[in-house]
Amino acid sequence: MNIDIKGPKILYEIPFDIPVLGRIQISETLVVSWIVILLITLLCIWLTHDLKVENITKRQAFAEMLVETADKFVIGNMGPKFKYMVPFVAALFSTSLVSNLISLTGLRSPTADLSTEAAWAIVVFTMITAQKIKSSGFGGYLKGFTQPIPVLTPFNVLSELATPISLACRHFGNILSGIVINGLLYAALAVASSKLLGLIPGAVGAVLSHVPILDVGIPAVLSVYFDWFTGVMQAYIFCMLTTMYIANAAEG
């Protein structure tokens, strides 16, 4: 569990400005995100390698179970006409899940950086807007901001902008809070170890007071919740809200 609660580290900065983009910085979040993408890609290649029609392997059976689960999730929440959304939702869920759980390896989770969730939310918001325009037309989409009365237009615009912001901040806040709480717990247990073991007289106490013995075991119990349970649930909730928002947008 990575207990660094500071912002992502800048690992490398391209020493010249790129037109329009400016100076590009290679941050810890970006590098770990590449690792997440690589892990998911390799897993997909492994699961879909050497597929058979008969006498399938346990690996293929597991892959088919994942595909069927994704189909049921999307179709159950959005309807059969949105079956084409299965790859997008599955990719979003797997990326969020692996990004959340990668903190168990000691790497800083990309989802502990608001820029990650903000990028996902912008993509989802774009798809929501596209569905609304597709359903009502561009004129109908703009007219919707004046409903039920034109004076509410500013509030309707704010409500529209609140969708991606709430999506991003909800996911980011829950993941970062777990990192902060675990970081504070490690620090508190280290201090407690120093104080308790420092009570032992002589050289033994002086040596043991510098060993954070209480850090072993206790944080692992909370990690089951903050890393495993919260990581899985936040990925599920993000995808659930995404499917609901897009489906509702298509209904006009």
# chains A, B, ... in the order shown; residues from 1 in each chain; ligands from 1

call {"tool": "residues_around", "arguments": {"residues": "A:Thr126", "least_positions_apart": "6", "cutoff": "12 Å", "atoms": "only C-alpha atoms", "output": "list of chain:residue names"}}
result
A:Ala119, A:Trp120, A:Lys132, A:Ile133, A:Glu160, A:Leu161, A:Thr163, A:Pro164, A:Thr242, A:Tyr245, A:Ile246, A:Ala249

call {"tool": "write_last_selection", "arguments": {"atoms": "N, CA and C atoms", "output": "mmCIF file, in the first residue's frame"}}
result
data_model
loop_
_atom_site.group_PDB
_atom_site.id
_atom_site.type_symbol
_atom_site.label_atom_id
_atom_site.label_comp_id
_atom_site.auth_asym_id
_atom_site.auth_seq_id
_atom_site.Cartn_x
_atom_site.Cartn_y
_atom_site.Cartn_z
ATOM 1 N N ALA A 119 -10.407 13.072 -16.803
ATOM 2 C CA ALA A 119 -10.341 12.642 -18.204
ATOM 3 C C ALA A 119 -11.452 11.645 -18.512
ATOM 4 N N TRP A 120 -11.672 10.685 -17.598
ATOM 5 C CA TRP A 120 -12.761 9.721 -17.802
ATOM 6 C C TRP A 120 -14.107 10.429 -17.837
ATOM 7 N N LYS A 132 -27.845 12.916 -26.169
ATOM 8 C CA LYS A 132 -28.933 13.896 -26.078
ATOM 9 C C LYS A 132 -29.171 14.574 -27.420
ATOM 10 N N ILE A 133 -28.110 14.936 -28.113
ATOM 11 C CA ILE A 133 -28.249 15.567 -29.428
ATOM 12 C C ILE A 133 -28.830 14.574 -30.427
ATOM 13 N N GLU A 160 -25.959 20.604 -15.826
ATOM 14 C CA GLU A 160 -25.322 19.802 -16.876
ATOM 15 C C GLU A 160 -23.822 19.664 -16.618
ATOM 16 N N LEU A 161 -23.187 20.748 -16.219
ATOM 17 C CA LEU A 161 -21.752 20.720 -15.948
ATOM 18 C C LEU A 161 -21.427 19.949 -14.671
ATOM 19 N N THR A 163 -22.549 17.123 -13.818
ATOM 20 C CA THR A 163 -22.484 15.680 -14.061
ATOM 21 C C THR A 163 -21.048 15.172 -14.142
ATOM 22 N N PRO A 164 -20.204 15.711 -15.028
ATOM 23 C CA PRO A 164 -18.825 15.207 -15.064
ATOM 24 C C PRO A 164 -18.036 15.529 -13.796
ATOM 25 N N THR A 242 -22.295 5.765 -15.185
ATOM 26 C CA THR A 242 -22.058 6.035 -16.606
ATOM 27 C C THR A 242 -23.173 5.462 -17.464
ATOM 28 N N TYR A 245 -26.507 7.444 -16.843
ATOM 29 C CA TYR A 245 -26.510 8.772 -17.437
ATOM 30 C C TYR A 245 -26.698 8.697 -18.954
ATOM 31 N N ILE A 246 -25.972 7.780 -19.595
ATOM 32 C CA ILE A 246 -26.063 7.655 -21.053
ATOM 33 C C ILE A 246 -27.435 7.145 -21.481
ATOM 34 N N ALA A 249 -29.953 9.894 -21.089
ATOM 35 C CA ALA A 249 -29.770 10.910 -22.128
ATOM 36 C C ALA A 249 -30.413 10.471 -23.440
#

call {"tool": "closest_residue", "arguments": {"among": "A:Val157, A:Ala250, A:Leu199, A:Met233", "to": "A:Asn100", "atoms": "only C-alpha atoms"}}
result
A:Met233

call {"tool": "closest_residue", "arguments": {"among": "A:Ser115, A:Asn182, A:Ser33, A:Asn174", "to": "A:Ser99", "atoms": "only C-alpha atoms"}}
result
A:Ser33

call {"tool": "closest_residue", "arguments": {"among": "A:Val74, A:Leu92, A:Val31, A:Leu38", "to": "A:Thr243", "atoms": "only C-alpha atoms"}}
result
A:Val74

call {"tool": "atom_distance", "arguments": {"atom1": "atom CA of A:Phe145", "atom2": "atom CA of A:Ala130"}}
result
15.3 Å

call {"tool": "closest_residue", "arguments": {"among": "A:Leu197, A:Ala70, A:Ile179, A:Met244", "to": "A:Ser103", "atoms": "only C-alpha atoms"}}
result
A:Ile179

call {"tool": "atom_distance", "arguments": {"atom1": "atom CA of A:Thr129", "atom2": "atom CA of A:Lys83"}}
result
18.7 Å

call {"tool": "select_by_dssp", "arguments": {"residues": "stretch 75-233 of chain A", "states": "alpha helix (DSSP H)", "output": "ChimeraX atom specification"}}
result
/A:75-78,86-101,114-143,153-197,202-208,218-223,230-233

call {"tool": "closest_residue", "arguments": {"among": "A:Leu189, A:Ile165, A:Leu30, A:Leu158", "to": "A:Val123", "atoms": "only C-alpha atoms"}}
result
A:Ile165

call {"tool": "closest_residue", "arguments": {"among": "A:Pro201, A:Gly173, A:Gly106, A:Pro212", "to": "A:Ala188", "atoms": "only C-alpha atoms"}}
result
A:Pro212

call {"tool": "residues_around", "arguments": {"residues": "A:Lys58", "least_positions_apart": "5", "cutoff": "10 Å", "atoms": "only C-alpha atoms", "output": "number ranges by chain"}}
result
A: 47, 63-64

call {"tool": "write_last_selection", "arguments": {"atoms": "C-alpha atoms", "output": "PDB file, in the first residue's frame"}}
result
ATOM      1  CA  LEU A  47      -7.319 -14.837 -22.038  1.00  0.00           C
ATOM      2  CA  ALA A  63     -12.883 -15.167 -20.453  1.00  0.00           C
ATOM      3  CA  GLU A  64     -16.359 -16.068 -21.717  1.00  0.00           C
TER       4      GLU A  64
END

call {"tool": "decode", "arguments": {"residues": "stretch 74-112 of chain A", "atoms": "N, CA and C atoms", "output": "JSON list (two decimals), in the first residue's frame"}}
result
[["chain", "number", "residue", "atom", "x", "y", "z"],
["A", 74, "VAL", "N", -24.44, -4.26, -19.04],
["A", 74, "VAL", "CA", -24.79, -3.16, -19.94],
["A", 74, "VAL", "C", -26.22, -3.29, -20.43],
["A", 75, "ILE", "N", -26.59, -4.46, -20.90],
["A", 75, "ILE", "CA", -27.94, -4.65, -21.44],
["A", 75, "ILE", "C", -28.98, -4.52, -20.33],
["A", 76, "GLY", "N", -28.65, -5.00, -19.13],
["A", 76, "GLY", "CA", -29.59, -4.91, -18.02],
["A", 76, "GLY", "C", -29.85, -3.49, -17.57],
["A", 77, "ASN", "N", -28.84, -2.62, -17.70],
["A", 77, "ASN", "CA", -28.98, -1.23, -17.25],
["A", 77, "ASN", "C", -29.34, -0.26, -18.37],
["A", 78, "MET", "N", -29.04, -0.63, -19.62],
["A", 78, "MET", "CA", -29.23, 0.30, -20.72],
["A", 78, "MET", "C", -30.18, -0.20, -21.80],
["A", 79, "GLY", "N", -30.39, -1.51, -21.85],
["A", 79, "GLY", "CA", -31.26, -2.06, -22.89],
["A", 79, "GLY", "C", -30.45, -2.66, -24.03],
["A", 80, "PRO", "N", -31.07, -3.54, -24.82],
["A", 80, "PRO", "CA", -30.37, -4.24, -25.91],
["A", 80, "PRO", "C", -29.79, -3.30, -26.97],
["A", 81, "LYS", "N", -30.42, -2.16, -27.20],
["A", 81, "LYS", "CA", -29.94, -1.26, -28.25],
["A", 81, "LYS", "C", -28.57, -0.66, -27.93],
["A", 82, "PHE", "N", -28.15, -0.77, -26.67],
["A", 82, "PHE", "CA", -26.84, -0.23, -26.27],
["A", 82, "PHE", "C", -25.79, -1.33, -26.13],
["A", 83, "LYS", "N", -26.01, -2.46, -26.79],
["A", 83, "LYS", "CA", -25.03, -3.55, -26.70],
["A", 83, "LYS", "C", -23.67, -3.12, -27.22],
["A", 84, "TYR", "N", -23.66, -2.16, -28.15],
["A", 84, "TYR", "CA", -22.38, -1.69, -28.69],
["A", 84, "TYR", "C", -21.54, -0.96, -27.64],
["A", 85, "MET", "N", -22.16, -0.65, -26.49],
["A", 85, "MET", "CA", -21.43, 0.03, -25.42],
["A", 85, "MET", "C", -20.66, -0.92, -24.53],
["A", 86, "VAL", "N", -20.85, -2.23, -24.73],
["A", 86, "VAL", "CA", -20.20, -3.22, -23.86],
["A", 86, "VAL", "C", -18.69, -3.06, -23.83],
["A", 87, "PRO", "N", -18.00, -2.96, -24.97],
["A", 87, "PRO", "CA", -16.53, -2.81, -24.91],
["A", 87, "PRO", "C", -16.09, -1.56, -24.14],
["A", 88, "PHE", "N", -16.82, -0.44, -24.33],
["A", 88, "PHE", "CA", -16.44, 0.80, -23.64],
["A", 88, "PHE", "C", -16.61, 0.66, -22.13],
["A", 89, "VAL", "N", -17.75, 0.14, -21.70],
["A", 89, "VAL", "CA", -18.01, 0.00, -20.26],
["A", 89, "VAL", "C", -17.05, -1.01, -19.64],
["A", 90, "ALA", "N", -16.78, -2.10, -20.35],
["A", 90, "ALA", "CA", -15.85, -3.11, -19.84],
["A", 90, "ALA", "C", -14.44, -2.53, -19.71],
["A", 91, "ALA", "N", -14.03, -1.74, -20.70],
["A", 91, "ALA", "CA", -12.71, -1.11, -20.64],
["A", 91, "ALA", "C", -12.64, -0.10, -19.49],
["A", 92, "LEU", "N", -13.71, 0.65, -19.29],
["A", 92, "LEU", "CA", -13.76, 1.63, -18.21],
["A", 92, "LEU", "C", -13.68, 0.95, -16.85],
["A", 93, "PHE", "N", -14.43, -0.15, -16.70],
["A", 93, "PHE", "CA", -14.44, -0.87, -15.42],
["A", 93, "PHE", "C", -13.08, -1.49, -15.14],
["A", 94, "SER", "N", -12.51, -2.18, -16.13],
["A", 94, "SER", "CA", -11.23, -2.86, -15.92],
["A", 94, "SER", "C", -10.11, -1.85, -15.63],
["A", 95, "THR", "N", -10.12, -0.72, -16.33],
["A", 95, "THR", "CA", -9.10, 0.30, -16.09],
["A", 95, "THR", "C", -9.23, 0.88, -14.69],
["A", 96, "SER", "N", -10.46, 1.17, -14.29],
["A", 96, "SER", "CA", -10.70, 1.71, -12.95],
["A", 96, "SER", "C", -10.31, 0.69, -11.89],
["A", 97, "LEU", "N", -10.70, -0.56, -12.09],
["A", 97, "LEU", "CA", -10.43, -1.60, -11.09],
["A", 97, "LEU", "C", -8.93, -1.82, -10.91],
["A", 98, "VAL", "N", -8.21, -2.00, -12.01],
["A", 98, "VAL", "CA", -6.77, -2.25, -11.91],
["A", 98, "VAL", "C", -6.05, -1.02, -11.37],
["A", 99, "SER", "N", -6.50, 0.17, -11.76],
["A", 99, "SER", "CA", -5.89, 1.40, -11.25],
["A", 99, "SER", "C", -6.08, 1.51, -9.75],
["A", 100, "ASN", "N", -7.25, 1.12, -9.25],
["A", 100, "ASN", "CA", -7.52, 1.18, -7.82],
["A", 100, "ASN", "C", -6.68, 0.16, -7.04],
["A", 101, "LEU", "N", -6.59, -1.05, -7.58],
["A", 101, "LEU", "CA", -5.94, -2.14, -6.86],
["A", 101, "LEU", "C", -4.42, -2.16, -7.00],
["A", 102, "ILE", "N", -3.90, -1.39, -7.96],
["A", 102, "ILE", "CA", -2.45, -1.42, -8.17],
["A", 102, "ILE", "C", -1.70, -0.81, -6.99],
["A", 103, "SER", "N", -2.41, -0.07, -6.13],
["A", 103, "SER", "CA", -1.76, 0.49, -4.94],
["A", 103, "SER", "C", -1.30, -0.62, -4.00],
["A", 104, "LEU", "N", -1.85, -1.84, -4.14],
["A", 104, "LEU", "CA", -1.43, -2.96, -3.30],
["A", 104, "LEU", "C", 0.01, -3.36, -3.59],
["A", 105, "THR", "N", 0.53, -2.99, -4.76],
["A", 105, "THR", "CA", 1.91, -3.33, -5.12],
["A", 105, "THR", "C", 2.90, -2.28, -4.63],
["A", 106, "GLY", "N", 2.39, -1.20, -4.04],
["A", 106, "GLY", "CA", 3.27, -0.12, -3.58],
["A", 106, "GLY", "C", 3.31, 1.05, -4.52],
["A", 107, "LEU", "N", 2.71, 0.93, -5.70],
["A", 107, "LEU", "CA", 2.65, 2.04, -6.64],
["A", 107, "LEU", "C", 1.50, 2.97, -6.27],
["A", 108, "ARG", "N", 1.64, 4.23, -6.61],
["A", 108, "ARG", "CA", 0.57, 5.18, -6.35],
["A", 108, "ARG", "C", -0.54, 4.97, -7.37],
["A", 109, "SER", "N", -1.75, 4.81, -6.89],
["A", 109, "SER", "CA", -2.89, 4.56, -7.79],
["A", 109, "SER", "C", -3.14, 5.78, -8.67],
["A", 110, "PRO", "N", -3.31, 5.58, -10.00],
["A", 110, "PRO", "CA", -3.63, 6.71, -10.88],
["A", 110, "PRO", "C", -4.94, 7.39, -10.50],
["A", 111, "THR", "N", -5.85, 6.65, -9.89],
["A", 111, "THR", "CA", -7.13, 7.22, -9.51],
["A", 111, "THR", "C", -7.04, 8.08, -8.25],
["A", 112, "ALA", "N", -5.85, 8.15, -7.65],
["A", 112, "ALA", "CA", -5.62, 9.08, -6.54],
["A", 112, "ALA", "C", -5.21, 10.45, -7.07]]
